[in-house]
>>> print(open('run.txt').read())   # compact mmCIF, C-alpha atoms and all ligand atoms
# COMPACT_ATOMS: atom_id res chain seq x y z
CA MET E 1 113.23 137.89 77.62
CA LYS E 2 112.06 135.45 74.95
CA TYR E 3 112.43 131.74 75.44
CA LYS E 4 110.99 129.62 72.67
CA ARG E 5 111.99 126.26 74.11
CA VAL E 6 114.18 124.84 76.86
CA LEU E 7 116.09 121.65 77.39
CA ALA E 8 115.30 120.28 80.85
CA VAL E 9 117.07 117.69 82.99
CA GLU E 10 115.62 115.74 85.91
CA THR E 11 117.89 113.55 88.08
CA SER E 12 116.48 114.05 91.58
CA CYS E 13 116.07 110.39 92.48
CA ASP E 14 116.39 107.28 90.29
CA ASP E 15 114.94 108.43 86.94
CA THR E 16 117.22 110.13 84.42
CA SER E 17 115.00 112.25 82.20
CA VAL E 18 115.61 114.85 79.49
CA ALA E 19 112.92 116.87 77.70
CA ILE E 20 112.58 119.69 75.25
CA VAL E 21 109.60 121.86 76.19
CA LYS E 22 108.08 124.90 74.50
CA GLU E 23 106.79 127.97 76.29
CA ASP E 24 103.13 126.83 76.17
CA GLY E 25 103.94 123.40 77.68
CA LEU E 26 104.27 121.44 74.43
CA VAL E 27 106.72 118.59 74.98
CA GLU E 28 108.59 118.24 71.71
CA ALA E 29 110.72 115.35 72.93
CA MET E 30 111.29 113.46 76.16
CA LEU E 31 113.54 110.50 76.87
CA SER E 32 113.77 108.86 80.27
CA ALA E 33 115.73 105.95 81.68
CA ASN E 34 114.65 104.39 84.94
CA GLN E 35 116.81 102.32 87.26
CA ASP E 36 114.12 100.11 88.82
CA ASP E 37 116.03 96.92 87.88
CA VAL E 38 119.19 97.91 89.74
CA HIS E 39 117.40 99.06 92.90
CA GLU E 40 114.71 96.36 93.02
CA PRO E 41 116.85 93.73 94.83
CA PHE E 42 117.44 96.27 97.64
CA GLY E 43 113.73 97.11 98.05
CA GLY E 44 114.38 100.83 97.60
CA VAL E 45 116.69 103.34 95.96
CA VAL E 46 120.40 103.04 96.83
CA PRO E 47 121.75 106.61 96.61
CA GLU E 48 125.28 105.66 95.55
CA ILE E 49 124.02 103.48 92.70
CA ALA E 50 121.51 106.14 91.61
CA GLY E 51 124.19 108.85 91.29
CA ARG E 52 126.54 106.62 89.31
CA SER E 53 123.77 105.53 86.99
CA HIS E 54 122.77 109.16 86.24
CA SER E 55 126.35 110.03 85.38
CA GLU E 56 126.52 107.14 82.90
CA LYS E 57 123.17 107.89 81.31
CA LEU E 58 122.68 111.64 81.27
CA ILE E 59 124.99 112.91 78.49
CA PRO E 60 123.98 110.17 75.99
CA LEU E 61 120.32 110.88 76.82
CA ILE E 62 120.75 114.63 76.17
CA ASN E 63 122.38 113.89 72.80
CA LYS E 64 119.67 111.38 71.85
CA THR E 65 116.87 113.80 72.79
CA LEU E 66 118.32 116.53 70.56
CA GLU E 67 118.94 114.08 67.73
CA GLN E 68 115.42 112.70 67.95
CA ILE E 69 113.94 115.95 66.69
CA ASN E 70 116.98 117.14 64.79
CA TYR E 71 117.67 120.13 67.00
CA LYS E 72 121.03 121.75 67.48
CA TRP E 73 122.01 123.76 70.54
CA GLU E 74 121.14 126.99 68.62
CA ASP E 75 117.49 125.86 68.70
CA ILE E 76 117.49 125.74 72.51
CA SER E 77 116.86 129.08 74.25
CA GLY E 78 117.63 128.08 77.85
CA LEU E 79 118.29 125.23 80.25
CA VAL E 80 116.34 123.95 83.24
CA VAL E 81 117.41 121.49 85.92
CA THR E 82 115.93 120.07 89.11
CA SER E 83 118.03 121.42 91.98
CA ARG E 84 115.99 120.24 95.00
CA PRO E 85 114.67 118.26 96.83
CA GLY E 86 116.15 114.81 96.27
CA LEU E 87 119.25 112.71 96.70
CA VAL E 88 122.23 115.06 96.63
CA GLY E 89 124.40 112.56 94.73
CA SER E 90 121.70 112.33 92.05
CA LEU E 91 120.83 116.02 91.89
CA ILE E 92 124.47 117.01 91.55
CA VAL E 93 124.88 115.05 88.31
CA GLY E 94 122.07 116.98 86.61
CA LEU E 95 123.12 120.26 88.14
CA VAL E 96 126.80 120.08 87.21
CA THR E 97 125.94 118.95 83.68
CA VAL E 98 123.45 121.77 83.11
CA LYS E 99 125.70 124.42 84.69
CA THR E 100 128.58 123.30 82.46
CA LEU E 101 126.35 123.40 79.36
CA ALA E 102 125.02 126.83 80.33
CA TRP E 103 128.56 128.14 80.85
CA THR E 104 130.07 126.76 77.65
CA LEU E 105 127.05 127.49 75.43
CA GLN E 106 126.44 130.89 77.04
CA LYS E 107 122.79 130.15 77.81
CA ASN E 108 120.68 131.08 80.80
CA PHE E 109 119.61 128.34 83.17
CA ILE E 110 117.32 127.95 86.14
CA GLY E 111 117.21 125.40 88.95
CA ILE E 112 113.70 124.20 89.78
CA ASN E 113 112.18 122.60 92.84
CA HIS E 114 111.07 119.10 91.82
CA ILE E 115 107.74 119.48 93.65
CA GLU E 116 107.07 122.69 91.77
CA GLY E 117 107.63 120.60 88.65
CA HIS E 118 104.97 118.12 89.79
CA ILE E 119 102.52 121.03 90.21
CA TRP E 120 102.81 121.90 86.50
CA ALA E 121 102.76 118.28 85.20
CA PRO E 122 98.98 118.27 84.45
CA PHE E 123 99.51 121.11 81.98
CA VAL E 124 102.23 119.72 79.71
CA PHE E 125 101.04 118.10 76.51
CA GLU E 126 102.33 116.22 73.49
CA ASN E 127 99.80 117.25 70.87
CA GLU E 128 97.37 120.13 70.49
CA GLU E 129 94.28 118.02 71.37
CA GLU E 130 95.71 117.44 74.85
CA LYS E 131 96.27 121.12 75.54
CA VAL E 132 94.13 122.56 78.34
CA GLU E 133 93.69 126.11 79.48
CA ILE E 134 95.62 126.65 82.70
CA PRO E 135 93.36 128.11 85.40
CA SER E 136 94.52 131.35 87.04
CA GLU E 137 94.33 129.56 90.42
CA PHE E 138 93.83 125.97 91.46
CA LEU E 139 94.07 123.59 94.38
CA SER E 140 96.82 121.03 93.85
CA LEU E 141 97.06 117.70 95.67
CA ILE E 142 100.63 116.49 95.23
CA VAL E 143 100.98 112.77 95.97
CA SER E 144 104.39 111.33 95.22
CA GLY E 145 106.98 108.95 96.61
CA GLY E 146 108.33 111.51 99.07
CA HIS E 147 105.60 114.14 99.39
CA THR E 148 101.91 114.51 100.13
CA GLN E 149 100.83 118.13 100.07
CA LEU E 150 97.83 120.31 99.42
CA VAL E 151 98.86 123.55 97.77
CA HIS E 152 96.90 126.62 96.70
CA VAL E 153 98.45 127.78 93.43
CA THR E 154 97.84 131.33 92.23
CA GLY E 155 100.48 131.47 89.51
CA VAL E 156 103.99 130.42 88.61
CA GLY E 157 106.08 130.64 91.76
CA GLN E 158 103.03 131.52 93.86
CA TYR E 159 102.21 128.70 96.20
CA LYS E 160 100.66 128.37 99.63
CA ILE E 161 101.03 125.01 101.34
CA LEU E 162 97.75 124.21 103.10
CA GLY E 163 98.69 120.81 104.50
CA HIS E 164 101.26 118.06 104.26
CA THR E 165 102.09 114.65 105.63
CA ILE E 166 103.47 114.53 109.13
CA ASP E 167 105.19 111.16 108.53
CA ASP E 168 105.14 108.94 105.41
CA ALA E 169 104.08 110.14 101.98
CA ALA E 170 101.23 108.37 100.17
CA GLY E 171 103.65 106.81 97.66
CA GLU E 172 105.87 105.66 100.49
CA ALA E 173 102.83 104.00 102.12
CA PHE E 174 102.22 102.08 98.89
CA ASP E 175 105.90 101.15 98.51
CA LYS E 176 106.44 100.01 102.11
CA PHE E 177 103.29 97.88 102.00
CA ALA E 178 104.38 96.34 98.67
CA LYS E 179 107.75 95.52 100.19
CA MET E 180 106.21 93.72 103.19
CA MET E 181 103.89 91.83 100.82
CA GLY E 182 106.84 90.74 98.63
CA LEU E 183 105.45 92.65 95.63
CA GLY E 184 108.68 94.40 94.65
CA TYR E 185 109.68 98.05 94.31
CA PRO E 186 108.21 100.52 93.54
CA GLY E 187 104.90 99.09 94.65
CA GLY E 188 102.12 101.54 93.77
CA TYR E 189 101.44 100.23 90.29
CA VAL E 190 101.40 96.56 91.37
CA ILE E 191 99.04 97.26 94.28
CA ASP E 192 96.76 99.19 91.93
CA GLN E 193 96.64 96.14 89.60
CA LYS E 194 96.16 93.53 92.37
CA ALA E 195 93.47 95.67 94.03
CA LYS E 196 91.34 95.50 90.88
CA LEU E 197 90.73 91.79 91.64
CA GLY E 198 90.01 92.24 95.35
CA ASN E 199 87.31 93.24 97.82
CA SER E 200 88.11 96.58 99.49
CA ASN E 201 85.78 95.84 102.43
CA LYS E 202 87.56 92.65 103.43
CA TYR E 203 90.07 94.29 105.79
CA SER E 204 89.30 97.24 107.97
CA PHE E 205 92.28 99.59 107.93
CA PRO E 206 92.43 102.91 109.79
CA ARG E 207 91.89 106.22 107.95
CA PRO E 208 94.52 108.27 109.82
CA MET E 209 93.64 111.91 110.57
CA ILE E 210 90.56 111.78 108.38
CA ARG E 211 88.48 113.64 110.97
CA THR E 212 91.02 116.22 112.09
CA SER E 213 90.37 119.86 111.27
CA THR E 214 93.86 120.37 109.82
CA LEU E 215 94.74 119.52 106.23
CA ASP E 216 97.69 117.37 107.27
CA PHE E 217 98.07 113.68 106.50
CA SER E 218 99.57 110.67 108.27
CA PHE E 219 100.16 107.25 106.75
CA SER E 220 102.60 105.49 109.06
CA GLY E 221 99.85 103.93 111.25
CA LEU E 222 98.28 102.38 108.19
CA LYS E 223 101.49 100.58 107.37
CA THR E 224 101.72 99.25 110.95
CA ALA E 225 98.11 98.02 110.78
CA ALA E 226 98.89 96.16 107.56
CA LEU E 227 101.98 94.62 109.10
CA LYS E 228 99.85 93.33 112.01
CA GLU E 229 97.48 91.61 109.56
CA ILE E 230 100.20 89.72 107.75
CA SER E 231 102.91 89.19 110.36
CA GLN E 232 101.61 85.73 111.38
CA LEU E 233 101.01 84.52 107.83
CA SER E 234 103.16 82.30 105.60
CA MET E 235 104.13 83.52 102.11
CA GLU E 236 101.53 81.15 100.64
CA GLU E 237 98.78 82.59 102.85
CA ILE E 238 99.87 86.13 101.99
CA LYS E 239 99.62 85.28 98.31
CA ASN E 240 96.04 84.07 98.75
CA ILE E 241 94.86 87.26 100.43
CA THR E 242 96.85 89.64 98.18
CA PRO E 243 93.97 91.02 96.06
CA ASP E 244 91.68 91.69 99.05
CA ILE E 245 94.33 93.20 101.31
CA CYS E 246 95.68 95.36 98.46
CA ALA E 247 92.17 96.60 97.67
CA SER E 248 91.46 97.38 101.33
CA TYR E 249 94.80 99.12 101.87
CA GLN E 250 94.48 101.17 98.69
CA GLN E 251 90.92 102.17 99.62
CA ALA E 252 92.14 103.48 103.00
CA ILE E 253 94.80 105.68 101.36
CA VAL E 254 92.42 106.96 98.70
CA ASP E 255 89.68 107.70 101.27
CA VAL E 256 92.08 109.87 103.26
CA LEU E 257 93.39 111.70 100.16
CA VAL E 258 89.95 112.39 98.72
CA SER E 259 88.53 113.42 102.07
CA LYS E 260 91.34 115.96 102.70
CA LEU E 261 91.03 117.27 99.14
CA LYS E 262 87.31 117.86 99.71
CA GLN E 263 88.02 119.48 103.08
CA ALA E 264 90.58 121.84 101.51
CA HIS E 265 88.23 122.64 98.67
CA GLU E 266 85.61 123.91 101.12
CA GLN E 267 87.93 126.85 101.85
CA PHE E 268 87.48 128.13 98.31
CA SER E 269 84.53 128.76 96.11
CA ASN E 270 84.48 126.45 93.12
CA ILE E 271 88.23 126.49 92.55
CA PRO E 272 89.59 123.99 89.95
CA ILE E 273 91.53 121.05 91.35
CA SER E 274 94.52 119.08 90.20
CA VAL E 275 96.02 115.83 91.46
CA THR E 276 99.63 115.17 90.54
CA GLY E 277 102.75 113.10 91.38
CA GLY E 278 103.35 109.36 91.01
CA VAL E 279 100.31 108.32 93.07
CA SER E 280 98.04 110.39 90.79
CA ALA E 281 98.44 107.46 88.37
CA ASN E 282 96.34 105.37 90.77
CA SER E 283 93.17 104.23 89.05
CA LEU E 284 90.95 104.33 92.18
CA LEU E 285 92.15 107.82 93.13
CA ARG E 286 91.51 109.04 89.60
CA SER E 287 88.01 107.62 89.44
CA GLU E 288 86.99 108.88 92.89
CA VAL E 289 88.30 112.39 92.28
CA ALA E 290 86.68 112.50 88.82
CA LYS E 291 83.34 111.28 90.24
CA TRP E 292 83.33 113.95 92.94
CA ALA E 293 84.42 116.68 90.51
CA HIS E 294 81.61 115.73 88.11
CA GLU E 295 79.06 115.82 90.91
CA LYS E 296 80.28 119.28 91.97
CA ASN E 297 80.75 120.46 88.39
CA LEU E 298 84.41 121.30 89.07
CA SER E 299 87.24 121.54 86.57
CA TYR E 300 89.86 118.94 87.38
CA PHE E 301 93.27 118.06 86.01
CA PHE E 302 95.49 114.98 86.15
CA PRO E 303 98.81 114.56 84.36
CA LYS E 304 98.96 112.13 81.50
CA LEU E 305 100.27 108.84 83.00
CA LYS E 306 103.84 109.31 81.70
CA PHE E 307 104.01 112.71 83.44
CA CYS E 308 102.82 111.45 86.87
CA THR E 309 106.14 110.01 88.01
CA ASP E 310 109.42 111.86 87.65
CA ASN E 311 110.01 113.42 84.25
CA ALA E 312 111.92 116.34 82.81
CA ALA E 313 108.91 117.75 80.92
CA MET E 314 107.17 119.05 84.05
CA VAL E 315 110.43 120.57 85.31
CA GLY E 316 111.02 122.18 81.92
CA PHE E 317 107.56 123.74 81.87
CA ALA E 318 107.94 125.18 85.38
CA GLY E 319 111.40 126.44 84.37
CA ILE E 320 110.50 128.10 81.08
CA GLN E 321 107.65 129.98 82.72
CA LYS E 322 110.07 131.35 85.31
CA LEU E 323 112.80 132.16 82.78
CA LYS E 324 110.18 134.13 80.83
CA LYS E 325 109.52 136.15 83.98
CA GLY E 326 113.21 137.05 84.07
CA GLU E 327 114.26 134.62 86.81
CA LEU E 328 117.68 132.96 86.49
CA SER E 329 119.94 130.87 88.67
CA PRO E 330 123.59 131.67 89.35
CA GLN E 331 126.51 129.34 88.61
CA THR E 332 126.89 128.99 92.39
CA LEU E 333 123.55 127.16 92.69
CA GLY E 334 124.01 123.89 94.57
CA PRO E 335 121.77 120.87 95.22
CA SER E 336 119.72 120.49 98.37
CA PRO E 337 118.05 117.40 99.83
CA ARG E 338 115.15 119.48 101.13
CA SER E 339 112.48 121.91 99.97
CA LEU E 340 112.11 125.09 101.89
CA PRO E 341 108.67 124.30 103.33
CA GLU E 342 107.26 127.72 102.61
CA ASP E 343 108.89 128.28 99.27
CA PHE E 344 108.95 126.02 96.24
CA SER E 345 110.67 128.60 94.15
CA ARG E 346 114.15 128.59 95.70
N1 LIG W 1 99.21 103.35 90.01
C1 LIG W 1 99.78 103.76 91.12
N2 LIG W 1 99.12 103.73 92.30
C2 LIG W 1 99.68 104.18 93.45
N3 LIG W 1 100.94 104.65 93.51
C3 LIG W 1 101.65 104.69 92.38
C4 LIG W 1 101.12 104.27 91.13
N4 LIG W 1 102.09 104.44 90.19
C5 LIG W 1 103.16 104.96 90.84
N5 LIG W 1 102.91 105.10 92.15
C6 LIG W 1 103.81 105.58 93.20
O1 LIG W 1 104.36 106.80 92.84
C7 LIG W 1 105.58 106.99 93.55
C8 LIG W 1 106.63 107.59 92.65
O2 LIG W 1 106.19 108.88 92.33
P1 LIG W 1 107.21 110.05 92.03
O3 LIG W 1 108.16 109.58 91.00
O4 LIG W 1 106.43 111.26 91.76
O5 LIG W 1 107.89 110.13 93.46
P2 LIG W 1 109.37 110.53 93.82
O6 LIG W 1 109.91 111.40 92.77
O7 LIG W 1 110.09 109.29 94.21
O8 LIG W 1 109.13 111.40 95.12
P3 LIG W 1 109.09 113.01 95.19
O9 LIG W 1 108.46 113.48 93.93
O10 LIG W 1 108.26 113.26 96.39
O11 LIG W 1 110.50 113.42 95.33
C9 LIG W 1 105.99 105.64 94.09
O12 LIG W 1 105.80 105.65 95.48
C10 LIG W 1 105.03 104.68 93.39
O13 LIG W 1 104.71 103.53 94.15
MG MG W 2 108.75 113.00 92.00
>>> encode(input="run.txt", output="structure tokens")
Amino acid sequence: MKYKRVLAVETSCDDTSVAIVKEDGLVEAMLSANQDDVHEPFGGVVPEIAGRSHSEKLIPLINKTLEQINYKWEDISGLVVTSRPGLVGSLIVGLVTVKTLAWTLQKNFIGINHIEGHIWAPFVFENEEEKVEIPSEFLSLIVSGGHTQLVHVTGVGQYKILGHTIDDAAGEAFDKFAKMMGLGYPGGYVIDQKAKLGNSNKYSFPRPMIRTSTLDFSFSGLKTAALKEISQLSMEEIKNITPDICASYQQAIVDVLVSKLKQAHEQFSNIPISVTGGVSANSLLRSEVAKWAHEKNLSYFFPKLKFCTDNAAMVGFAGIQKLKKGELSPQTLGPSPRSLPEDFSR
């Protein structure tokens, strides 16, 4: 079946996002509203507040996105929505809205796994110069607020998980550290900025599981080590060491990520790599992966910064590719807090 463009909705956590995406990944419009200000005082996302905020914002955002490029519903060939994993109270707002639109407008829709969306984020684009050829297979390192996974991708809906975190995700490690340092929420961006002014050799943090033969990750010990360093310090003293401790902590996370990516890559011959998810915005991670890829003459892909964290464009691109293959979701589709570990596509 032909799908020229879809309207996609992402409400899995605390970002409300709507995008209109064409079949080749061109993002014709995307509007997002984040809720950082309302969650910041709590040091993390409050599920109840997140759900309510989506329900206030979503319909106006859908209307604005259509108006922005003067499209009517006749111009939209199908609908896509994130259906898992995430906060159920957040997911349900997007899901019920999209199912209602699909029903009343008589359009097909598909529910997409949010992590599958992250996999396709490096390949969405806003103008022709940004368009890249999508490799037939690639190794994807997904590093987000809730996930850290290495996945071998051989096509749309064809994923093999090679390794994942056994405790905290990389983004969570950044956020928890930022919270204990009094740097606000979410913390990855701030740590990235502070680290630029610091010495990464000043503190010696562990590199958990860096020498294990598996491709799994662990970040909870790192957080405990950081807590030990600062637990005896006053706020003033913490402030003074912030650049150095941020640089050292960030270096430990990046060392583990890059090392596991290299280890996974050894299983394949010259396969292209991609790094995606919120933490793929990290400047040190980007430069270290790019340096290694250049040395090895590998093709590598990162999402544009606005497509690293949650956005509807990546979900729309994953969805339209599946709709084109004839996949659809039923009106009975419900939200789920979890991914099926072996299957992104359900
Ligand atoms: N420059 C940066 N350096 C490191 N981490 C960053 C940077 N920018 C954002 N992050 C981190 O990215 C994470 C958010 O990413 P994302 O929106 O993909 O996660 P999520 O949607 O909350 O989780 P998931 O996708 O696993 O459900 C946060 O943990 C944030 O601190
Ligand atoms: Mg995400």
>>> closest_residue(input="run.txt", among="E:Arg338, E:Lys296, E:Lys304, E:Lys324", to="E:Glu130", atoms="only C-alpha atoms")
E:Lys304
>>> residues_near_ligand(input="run.txt", ligand="ligand LIG 1 (chain W)", cutoff="9 Å", atoms="only C-alpha atoms and all ligand atoms", output="JSON, numbers by chain")
{"E": [12, 13, 14, 15, 84, 85, 86, 87, 114, 115, 117, 118, 142, 143, 144, 145, 146, 147, 148, 169, 170, 171, 172, 173, 174, 175, 176, 178, 185, 186, 187, 188, 189, 190, 191, 192, 193, 250, 276, 277, 278, 279, 280, 281, 282, 283, 284, 285, 305, 307, 308, 309, 310, 311]}
>>> residues_around(input="run.txt", residues="E:Val275", least_positions_apart="5", cutoff="9 Å", atoms="all atoms listed in the file", output="PDB file with C-alpha atoms, in the coordinates of the input")
ATOM      1  CA  ILE E 119     102.520 121.030  90.210  1.00  0.00           C
ATOM      2  CA  PRO E 122      98.980 118.270  84.450  1.00  0.00           C
ATOM      3  CA  LEU E 139      94.070 123.590  94.380  1.00  0.00           C
ATOM      4  CA  SER E 140      96.820 121.030  93.850  1.00  0.00           C
ATOM      5  CA  LEU E 141      97.060 117.700  95.670  1.00  0.00           C
ATOM      6  CA  ILE E 142     100.630 116.490  95.230  1.00  0.00           C
ATOM      7  CA  VAL E 143     100.980 112.770  95.970  1.00  0.00           C
ATOM      8  CA  SER E 280      98.040 110.390  90.790  1.00  0.00           C
ATOM      9  CA  ARG E 286      91.510 109.040  89.600  1.00  0.00           C
ATOM     10  CA  VAL E 289      88.300 112.390  92.280  1.00  0.00           C
ATOM     11  CA  TYR E 300      89.860 118.940  87.380  1.00  0.00           C
ATOM     12  CA  PHE E 301      93.270 118.060  86.010  1.00  0.00           C
ATOM     13  CA  PHE E 302      95.490 114.980  86.150  1.00  0.00           C
ATOM     14  CA  PRO E 303      98.810 114.560  84.360  1.00  0.00           C
TER      15      PRO E 303
END
>>> closest_residue(input="run.txt", among="E:Lys306, E:His54, E:Lys325, E:His265", to="E:Val27", atoms="all atoms listed in the file")
E:Lys306
>>> atom_distance(input="run.txt", atom1="atom CA of E:Leu101", atom2="atom CA of E:Val6")
12.5 Å
>>> closest_residue(input="run.txt", among="E:Leu7, E:Val153, E:Leu183, E:Ala312", to="E:Asn108", atoms="all atoms listed in the file")
E:Leu7
>>> atom_distance(input="run.txt", atom1="atom CA of E:Glu266", atom2="atom CA of E:His164")
17.0 Å
>>> atom_distance(input="run.txt", atom1="atom CA of E:Ser269", atom2="atom CA of E:His294")
15.6 Å
>>> closest_residue(input="run.txt", among="E:Glu137, E:Lys194, E:Thr11, E:Ser336", to="ligand MG 2 (chain W)", atoms="only C-alpha atoms and all ligand atoms")
E:Thr11
>>> closest_residue(input="run.txt", among="E:Val88, E:Ile62, E:Asn70, E:Gln106", to="E:Pro47", atoms="all atoms listed in the file")
E:Val88
>>> closest_residue(input="run.txt", among="E:Pro206, E:Asp168, E:Glu116, E:Pro60", to="ligand MG 2 (chain W)", atoms="only C-alpha atoms and all ligand atoms")
E:Glu116
